[in-house]
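As provided, target.txt (compact mmCIF, N, CA and C atoms) reads as follows.
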# COMPACT_ATOMS: atom_id res chain seq x y z
N MET C 217 -9.96 26.79 8.61
CA MET C 217 -9.04 25.68 8.49
C MET C 217 -8.37 25.68 7.12
N VAL C 218 -9.15 25.98 6.10
CA VAL C 218 -8.56 26.04 4.76
C VAL C 218 -7.53 27.16 4.71
N GLN C 219 -7.85 28.29 5.35
CA GLN C 219 -6.90 29.39 5.42
C GLN C 219 -5.63 28.93 6.13
N GLY C 220 -5.79 28.11 7.16
CA GLY C 220 -4.64 27.57 7.88
C GLY C 220 -3.76 26.71 6.99
N MET C 221 -4.39 25.91 6.14
CA MET C 221 -3.60 25.08 5.23
C MET C 221 -2.87 25.94 4.21
N GLU C 222 -3.52 27.01 3.76
CA GLU C 222 -2.88 27.92 2.81
C GLU C 222 -1.65 28.57 3.46
N ILE C 223 -1.79 29.01 4.70
CA ILE C 223 -0.66 29.60 5.41
C ILE C 223 0.44 28.57 5.60
N GLY C 224 0.05 27.33 5.94
CA GLY C 224 1.04 26.25 6.08
C GLY C 224 1.77 25.97 4.78
N ASN C 225 1.04 25.99 3.67
CA ASN C 225 1.68 25.78 2.37
C ASN C 225 2.67 26.89 2.06
N LYS C 226 2.29 28.13 2.35
CA LYS C 226 3.20 29.25 2.12
C LYS C 226 4.44 29.13 3.00
N PHE C 227 4.23 28.71 4.25
CA PHE C 227 5.37 28.49 5.16
C PHE C 227 6.32 27.45 4.56
N TYR C 228 5.76 26.34 4.09
CA TYR C 228 6.59 25.28 3.51
C TYR C 228 7.36 25.81 2.31
N ASP C 229 6.67 26.49 1.41
CA ASP C 229 7.32 27.01 0.21
C ASP C 229 8.45 27.97 0.56
N SER C 230 8.24 28.82 1.56
CA SER C 230 9.27 29.81 1.90
C SER C 230 10.44 29.20 2.67
N HIS C 231 10.24 28.08 3.36
CA HIS C 231 11.31 27.49 4.17
C HIS C 231 11.98 26.28 3.53
N SER C 232 11.41 25.77 2.46
CA SER C 232 12.01 24.59 1.84
C SER C 232 12.95 24.93 0.70
N ALA C 233 12.86 26.14 0.17
CA ALA C 233 13.73 26.60 -0.93
C ALA C 233 13.75 25.60 -2.08
N GLY C 234 12.61 24.96 -2.35
CA GLY C 234 12.52 24.04 -3.47
C GLY C 234 13.01 22.63 -3.18
N ASP C 235 13.65 22.43 -2.03
CA ASP C 235 14.12 21.10 -1.64
C ASP C 235 13.11 20.45 -0.71
N PRO C 236 12.87 19.16 -0.87
CA PRO C 236 11.92 18.49 0.04
C PRO C 236 12.41 18.55 1.48
N VAL C 237 11.56 19.05 2.36
CA VAL C 237 11.87 19.15 3.78
C VAL C 237 10.66 18.63 4.54
N MET C 238 10.90 17.82 5.57
CA MET C 238 9.79 17.29 6.37
C MET C 238 9.68 18.10 7.66
N PHE C 239 8.53 18.75 7.85
CA PHE C 239 8.25 19.48 9.07
C PHE C 239 7.19 18.73 9.85
N GLY C 240 7.32 18.72 11.17
CA GLY C 240 6.29 18.16 12.02
C GLY C 240 5.20 19.20 12.26
N VAL C 241 4.03 18.75 12.67
CA VAL C 241 2.91 19.66 12.90
C VAL C 241 3.27 20.68 13.98
N ARG C 242 3.82 20.24 15.09
CA ARG C 242 4.18 21.17 16.18
C ARG C 242 5.21 22.20 15.72
N GLU C 243 6.16 21.80 14.92
CA GLU C 243 7.19 22.71 14.42
C GLU C 243 6.57 23.82 13.58
N VAL C 244 5.64 23.46 12.72
CA VAL C 244 4.98 24.47 11.88
C VAL C 244 4.10 25.36 12.73
N VAL C 245 3.36 24.76 13.66
CA VAL C 245 2.45 25.54 14.51
C VAL C 245 3.21 26.61 15.28
N GLN C 246 4.38 26.27 15.81
CA GLN C 246 5.18 27.26 16.54
C GLN C 246 5.53 28.46 15.68
N LYS C 247 5.71 28.25 14.39
CA LYS C 247 6.12 29.33 13.49
C LYS C 247 4.93 30.17 13.00
N VAL C 248 3.75 29.55 12.88
CA VAL C 248 2.62 30.26 12.26
C VAL C 248 1.40 30.38 13.18
N GLN C 249 1.54 30.06 14.45
CA GLN C 249 0.40 30.02 15.37
C GLN C 249 -0.39 31.32 15.42
N ALA C 250 0.29 32.44 15.47
CA ALA C 250 -0.41 33.72 15.59
C ALA C 250 -1.30 33.99 14.38
N SER C 251 -0.83 33.68 13.19
CA SER C 251 -1.62 33.97 12.00
C SER C 251 -2.72 32.94 11.76
N LEU C 252 -2.65 31.79 12.40
CA LEU C 252 -3.66 30.75 12.20
C LEU C 252 -4.80 30.79 13.22
N GLY C 253 -4.59 31.39 14.38
CA GLY C 253 -5.62 31.37 15.40
C GLY C 253 -5.79 29.98 15.99
N ILE C 254 -4.68 29.35 16.33
CA ILE C 254 -4.72 27.99 16.89
C ILE C 254 -4.93 28.08 18.39
N ALA C 255 -5.92 27.34 18.87
CA ALA C 255 -6.23 27.32 20.30
C ALA C 255 -5.42 26.25 21.03
N SER C 256 -5.29 25.06 20.43
CA SER C 256 -4.52 23.99 21.08
C SER C 256 -4.03 22.98 20.05
N VAL C 257 -2.95 22.32 20.42
CA VAL C 257 -2.37 21.27 19.60
C VAL C 257 -2.14 20.07 20.51
N ARG C 258 -2.76 18.96 20.18
CA ARG C 258 -2.60 17.73 20.96
C ARG C 258 -1.27 17.06 20.58
N SER C 259 -0.95 16.00 21.28
CA SER C 259 0.28 15.26 21.01
C SER C 259 0.21 14.58 19.64
N GLU C 260 1.38 14.43 19.02
CA GLU C 260 1.47 13.67 17.78
C GLU C 260 1.52 12.19 18.15
N LEU C 261 0.58 11.42 17.61
CA LEU C 261 0.44 10.01 17.98
C LEU C 261 0.45 9.12 16.74
N PRO C 262 0.90 7.87 16.89
CA PRO C 262 0.79 6.95 15.77
C PRO C 262 -0.67 6.63 15.50
N ALA C 263 -1.02 6.48 14.22
CA ALA C 263 -2.40 6.16 13.84
C ALA C 263 -2.37 5.39 12.54
N ASP C 264 -3.28 4.44 12.41
CA ASP C 264 -3.29 3.56 11.25
C ASP C 264 -4.56 3.78 10.43
N ILE C 265 -4.42 3.70 9.10
CA ILE C 265 -5.58 3.85 8.22
C ILE C 265 -6.17 2.50 7.83
N THR C 266 -5.61 1.41 8.37
CA THR C 266 -6.25 0.10 8.26
C THR C 266 -6.68 -0.32 9.66
N ARG C 267 -7.75 -1.06 9.74
CA ARG C 267 -8.35 -1.43 11.02
C ARG C 267 -7.38 -2.25 11.87
N GLN C 268 -7.19 -1.77 13.10
CA GLN C 268 -6.34 -2.44 14.08
C GLN C 268 -7.20 -2.89 15.27
N PRO C 269 -6.77 -3.93 16.01
CA PRO C 269 -7.59 -4.43 17.11
C PRO C 269 -7.75 -3.45 18.28
N VAL C 270 -6.78 -2.58 18.47
CA VAL C 270 -6.86 -1.59 19.55
C VAL C 270 -7.41 -0.29 18.96
N ALA C 271 -8.56 0.16 19.45
CA ALA C 271 -9.25 1.32 18.86
C ALA C 271 -8.37 2.56 18.79
N THR C 272 -7.58 2.83 19.82
CA THR C 272 -6.77 4.05 19.85
C THR C 272 -5.65 4.03 18.81
N ALA C 273 -5.39 2.89 18.19
CA ALA C 273 -4.38 2.80 17.14
C ALA C 273 -4.93 3.21 15.78
N ASN C 274 -6.25 3.37 15.68
CA ASN C 274 -6.92 3.66 14.42
C ASN C 274 -7.12 5.16 14.20
N LEU C 275 -6.81 5.65 13.01
CA LEU C 275 -7.03 7.06 12.69
C LEU C 275 -8.49 7.48 12.91
N PRO C 276 -9.49 6.68 12.53
CA PRO C 276 -10.88 7.10 12.77
C PRO C 276 -11.19 7.40 14.24
N HIS C 277 -10.51 6.73 15.17
CA HIS C 277 -10.69 7.04 16.59
C HIS C 277 -10.32 8.49 16.88
N HIS C 278 -9.21 8.94 16.34
CA HIS C 278 -8.74 10.31 16.57
C HIS C 278 -9.64 11.33 15.87
N ILE C 279 -10.15 10.97 14.71
CA ILE C 279 -11.09 11.85 14.00
C ILE C 279 -12.38 11.97 14.82
N GLN C 280 -12.82 10.86 15.41
CA GLN C 280 -14.01 10.89 16.29
C GLN C 280 -13.76 11.81 17.49
N LEU C 281 -12.59 11.73 18.09
CA LEU C 281 -12.26 12.62 19.21
C LEU C 281 -12.28 14.08 18.76
N ALA C 282 -11.75 14.34 17.58
CA ALA C 282 -11.75 15.71 17.04
C ALA C 282 -13.17 16.21 16.85
N SER C 283 -14.07 15.33 16.48
CA SER C 283 -15.46 15.74 16.23
C SER C 283 -16.17 16.18 17.52
N LEU C 284 -15.62 15.84 18.66
CA LEU C 284 -16.22 16.20 19.95
C LEU C 284 -15.84 17.61 20.40
N VAL C 285 -14.88 18.23 19.72
CA VAL C 285 -14.39 19.56 20.08
C VAL C 285 -14.60 20.49 18.89
N ASN C 286 -15.31 21.58 19.08
CA ASN C 286 -15.59 22.52 17.98
C ASN C 286 -14.30 22.96 17.30
N GLN C 287 -14.37 23.09 15.99
CA GLN C 287 -13.29 23.61 15.15
C GLN C 287 -11.97 22.86 15.36
N THR C 288 -12.08 21.53 15.41
CA THR C 288 -10.88 20.70 15.58
C THR C 288 -10.74 19.78 14.38
N THR C 289 -9.53 19.64 13.90
CA THR C 289 -9.24 18.79 12.74
C THR C 289 -8.12 17.83 13.10
N SER C 290 -8.07 16.72 12.42
CA SER C 290 -7.00 15.74 12.60
C SER C 290 -6.02 15.90 11.45
N VAL C 291 -4.80 16.30 11.77
CA VAL C 291 -3.75 16.46 10.77
C VAL C 291 -2.97 15.15 10.74
N PHE C 292 -2.97 14.50 9.57
CA PHE C 292 -2.39 13.17 9.43
C PHE C 292 -1.21 13.23 8.47
N ILE C 293 -0.11 12.61 8.87
CA ILE C 293 1.10 12.55 8.04
C ILE C 293 1.43 11.09 7.78
N ILE C 294 1.57 10.76 6.48
CA ILE C 294 1.99 9.43 6.07
C ILE C 294 2.79 9.57 4.78
N ASP C 295 3.89 8.84 4.69
CA ASP C 295 4.71 8.83 3.48
C ASP C 295 5.09 10.25 3.05
N GLN C 296 5.42 11.09 4.01
CA GLN C 296 5.82 12.49 3.79
C GLN C 296 4.73 13.34 3.15
N LYS C 297 3.47 12.97 3.36
CA LYS C 297 2.34 13.75 2.87
C LYS C 297 1.46 14.11 4.06
N THR C 298 1.02 15.35 4.10
CA THR C 298 0.18 15.84 5.19
C THR C 298 -1.20 16.18 4.65
N VAL C 299 -2.23 15.66 5.30
CA VAL C 299 -3.61 15.95 4.93
C VAL C 299 -4.40 16.28 6.20
N ALA C 300 -5.57 16.85 6.01
CA ALA C 300 -6.46 17.15 7.13
C ALA C 300 -7.73 16.33 6.98
N PHE C 301 -8.12 15.68 8.05
CA PHE C 301 -9.43 15.03 8.15
C PHE C 301 -10.27 15.93 9.05
N ILE C 302 -11.31 16.53 8.47
CA ILE C 302 -12.10 17.55 9.16
C ILE C 302 -13.50 17.01 9.43
N PRO C 303 -13.85 16.79 10.70
CA PRO C 303 -15.21 16.37 11.03
C PRO C 303 -16.19 17.50 10.71
N MET C 304 -17.27 17.15 10.01
CA MET C 304 -18.29 18.14 9.64
C MET C 304 -19.67 17.53 9.88
N GLY C 305 -20.13 17.62 11.12
CA GLY C 305 -21.41 17.02 11.47
C GLY C 305 -21.35 15.51 11.32
N GLN C 306 -22.19 14.97 10.46
CA GLN C 306 -22.24 13.52 10.24
C GLN C 306 -21.31 13.07 9.11
N HIS C 307 -20.40 13.95 8.68
CA HIS C 307 -19.48 13.64 7.58
C HIS C 307 -18.04 13.94 8.00
N VAL C 308 -17.11 13.40 7.22
CA VAL C 308 -15.69 13.69 7.38
C VAL C 308 -15.17 14.17 6.03
N LEU C 309 -14.51 15.31 6.05
CA LEU C 309 -13.90 15.88 4.85
C LEU C 309 -12.41 15.58 4.88
N LEU C 310 -11.89 15.04 3.79
CA LEU C 310 -10.46 14.80 3.63
C LEU C 310 -9.93 15.87 2.68
N LEU C 311 -8.95 16.64 3.13
CA LEU C 311 -8.42 17.73 2.34
C LEU C 311 -6.91 17.59 2.19
N ASP C 312 -6.47 17.48 0.95
CA ASP C 312 -5.05 17.47 0.62
C ASP C 312 -4.81 18.68 -0.27
N SER C 313 -4.08 19.64 0.23
CA SER C 313 -3.91 20.89 -0.51
C SER C 313 -2.63 20.94 -1.35
N HIS C 314 -1.90 19.85 -1.41
CA HIS C 314 -0.65 19.81 -2.18
C HIS C 314 -0.81 18.99 -3.45
N CYS C 315 -0.07 19.36 -4.47
CA CYS C 315 0.03 18.53 -5.67
C CYS C 315 1.19 17.56 -5.44
N HIS C 316 0.96 16.29 -5.74
CA HIS C 316 1.99 15.27 -5.59
C HIS C 316 2.30 14.70 -6.96
N ALA C 317 3.35 13.92 -7.03
CA ALA C 317 3.81 13.40 -8.32
C ALA C 317 2.69 12.74 -9.12
N GLN C 318 1.93 11.85 -8.49
CA GLN C 318 0.92 11.12 -9.24
C GLN C 318 -0.47 11.74 -9.14
N SER C 319 -0.63 12.78 -8.31
CA SER C 319 -1.96 13.37 -8.17
C SER C 319 -1.86 14.84 -7.81
N GLY C 320 -2.94 15.55 -8.06
CA GLY C 320 -3.02 16.94 -7.67
C GLY C 320 -3.64 17.03 -6.29
N ALA C 321 -3.94 18.24 -5.89
CA ALA C 321 -4.65 18.44 -4.64
C ALA C 321 -6.05 17.85 -4.78
N TYR C 322 -6.64 17.40 -3.68
CA TYR C 322 -7.97 16.82 -3.77
C TYR C 322 -8.76 17.00 -2.48
N ILE C 323 -10.06 16.86 -2.63
CA ILE C 323 -11.01 16.89 -1.52
C ILE C 323 -11.90 15.66 -1.66
N ALA C 324 -12.13 14.97 -0.57
CA ALA C 324 -13.05 13.83 -0.56
C ALA C 324 -13.91 13.95 0.69
N MET C 325 -15.14 13.47 0.59
CA MET C 325 -16.04 13.52 1.73
C MET C 325 -16.79 12.20 1.84
N ALA C 326 -17.03 11.78 3.08
CA ALA C 326 -17.79 10.55 3.31
C ALA C 326 -18.60 10.70 4.58
N PRO C 327 -19.72 9.99 4.66
CA PRO C 327 -20.46 9.97 5.93
C PRO C 327 -19.56 9.36 7.01
N SER C 328 -19.68 9.84 8.22
CA SER C 328 -18.87 9.31 9.33
C SER C 328 -19.06 7.81 9.48
N SER C 329 -20.25 7.33 9.19
CA SER C 329 -20.54 5.90 9.32
C SER C 329 -19.77 5.06 8.30
N ARG C 330 -19.20 5.69 7.29
CA ARG C 330 -18.47 4.96 6.24
C ARG C 330 -16.99 5.40 6.21
N ILE C 331 -16.49 5.79 7.36
CA ILE C 331 -15.13 6.32 7.41
C ILE C 331 -14.08 5.29 7.00
N TRP C 332 -14.34 4.00 7.25
CA TRP C 332 -13.35 2.99 6.85
C TRP C 332 -13.24 2.89 5.33
N GLU C 333 -14.34 3.15 4.63
CA GLU C 333 -14.27 3.17 3.16
C GLU C 333 -13.42 4.35 2.69
N LEU C 334 -13.54 5.49 3.37
CA LEU C 334 -12.70 6.65 3.06
C LEU C 334 -11.23 6.31 3.31
N MET C 335 -10.93 5.60 4.40
CA MET C 335 -9.55 5.21 4.70
C MET C 335 -9.01 4.28 3.59
N GLU C 336 -9.82 3.31 3.18
CA GLU C 336 -9.40 2.38 2.12
C GLU C 336 -9.14 3.12 0.81
N TRP C 337 -10.04 4.05 0.46
CA TRP C 337 -9.86 4.83 -0.76
C TRP C 337 -8.57 5.65 -0.69
N TYR C 338 -8.37 6.32 0.44
CA TYR C 338 -7.19 7.18 0.63
C TYR C 338 -5.90 6.37 0.47
N LYS C 339 -5.85 5.19 1.07
CA LYS C 339 -4.65 4.35 0.96
C LYS C 339 -4.44 3.88 -0.48
N ALA C 340 -5.51 3.40 -1.11
CA ALA C 340 -5.39 2.90 -2.49
C ALA C 340 -5.06 4.01 -3.48
N PHE C 341 -5.71 5.16 -3.34
CA PHE C 341 -5.50 6.28 -4.26
C PHE C 341 -4.05 6.73 -4.25
N ASN C 342 -3.44 6.72 -3.08
CA ASN C 342 -2.07 7.19 -2.94
C ASN C 342 -1.02 6.08 -3.06
N CYS C 343 -1.47 4.83 -3.21
CA CYS C 343 -0.56 3.69 -3.35
C CYS C 343 0.46 3.63 -2.20
N PHE C 344 -0.01 3.90 -0.98
CA PHE C 344 0.90 3.85 0.16
C PHE C 344 1.38 2.42 0.38
N PRO C 345 2.69 2.22 0.59
CA PRO C 345 3.21 0.87 0.82
C PRO C 345 2.93 0.37 2.25
N TYR C 346 2.48 1.26 3.11
CA TYR C 346 2.17 0.91 4.50
C TYR C 346 0.98 1.76 4.94
N SER C 347 0.49 1.53 6.14
CA SER C 347 -0.73 2.21 6.57
C SER C 347 -0.58 3.02 7.84
N MET C 348 0.57 2.98 8.47
CA MET C 348 0.79 3.69 9.73
C MET C 348 1.37 5.08 9.46
N GLY C 349 0.79 6.09 10.11
CA GLY C 349 1.29 7.45 10.04
C GLY C 349 1.19 8.07 11.42
N THR C 350 1.18 9.39 11.46
CA THR C 350 0.98 10.08 12.74
C THR C 350 -0.18 11.04 12.61
N VAL C 351 -0.87 11.27 13.72
CA VAL C 351 -2.00 12.19 13.76
C VAL C 351 -1.79 13.19 14.88
N THR C 352 -2.16 14.43 14.60
CA THR C 352 -2.15 15.49 15.60
C THR C 352 -3.46 16.23 15.50
N ASN C 353 -4.24 16.24 16.57
CA ASN C 353 -5.50 16.99 16.55
C ASN C 353 -5.22 18.45 16.91
N VAL C 354 -5.70 19.35 16.06
CA VAL C 354 -5.45 20.78 16.20
C VAL C 354 -6.80 21.49 16.30
N SER C 355 -6.95 22.33 17.33
CA SER C 355 -8.17 23.12 17.51
C SER C 355 -7.91 24.57 17.15
N PHE C 356 -8.85 25.16 16.43
CA PHE C 356 -8.75 26.55 16.00
C PHE C 356 -9.72 27.41 16.80
N LYS C 357 -9.37 28.69 16.92
CA LYS C 357 -10.23 29.64 17.64
C LYS C 357 -11.42 30.03 16.80
Rewritten as structure tokens:
Amino acid sequence: MVQGMEIGNKFYDSHSAGDPVMFGVREVVQKVQASLGIASVRSELPADITRQPVATANLPHHIQLASLVNQTTSVFIIDQKTVAFIPMGQHVLLLDSHCHAQSGAYIAMAPSSRIWELMEWYKAFNCFPYSMGTVTNVSFK
């Protein structure tokens, strides 16, 4: 998965020519699928990093679904930033491989039972003005 993010970063660098360009997960997958070993890509769905009354509207719901399928990660896009939430047994790894204006690349990990604390930290750390983004679950071979 980390190799996949590296390939995705190289794709972005080579296709953006230094100008900010927003690519969707499916668009990138179509271009780099062979080199990533992607088995499947689910639909891109709205997902929130703050608790909503409908479970399927919450990002942790999609991360839980990803944890049920081997080698599956939740790719989340919010405020033109893409990160991966990777289920790892009883933990969730948050991986941001890009340097942003106010922060560098980072990795965070939390027990699955404390995923809402990870969501709160992620929102506060990035100073997002809103909490809704999109999630796409991607399975690797």
Please report the interatomic distance between atom CA of Ser313 of chain C and atom CA of Gln268 of chain C in Å with one decimal.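 Spanning atom CA of Ser313 of chain C to atom CA of Gln268 of chain C is a straight-line distance of 27.6 Å.
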So which one's closest to Ser328 of chain C, C:Val241, C:Val354, C:Cys343, C:Met304? Using only C-alpha atoms, please.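 Going through C:Val241, C:Val354, C:Cys343, C:Met304 one by one, the smallest distance to Ser328 of chain C is for C:Met304.
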Can you tell me how far atom CA of Ala300 of chain C sits from atom CA of Val270 of chain C, in Å to one decimal?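 Rounded to one decimal, the two atoms are 22.5 Å apart.
Shortest atom-to-atom contact with Arg242 of chain C among C:Met348, C:Phe356, C:Ala271, C:Glu260: C:Glu260, counting only N, CA and C atoms.
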Would you mind telling me which residue in C:Leu311, C:Ala340, C:Val285, C:Ala321 lies nearest to Ser355 of chain C when using all atoms listed in the file?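 That would be C:Val285, the residue with the smallest distance to Ser355 of chain C.
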Can you measure atom N of Ala324 of chain C to atom CA of Asp312 of chain C for me? One decimal in Å is fine.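 These atoms are spaced 7.6 Å apart.
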Among the residues C:Ala273, C:Ala282, C:Ile302, C:Ile265, the one that comes closest to Asn353 of chain C [using all atoms listed in the file]: C:Ala282
Of the residues C:Ser329, C:Ser290, C:Gln296, C:Ser283, which is the one nearest to Ala263 of chain C, using only C-alpha atoms?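 When distances to Ala263 of chain C are compared using only C-alpha atoms, the smallest one comes from C:Ser290.
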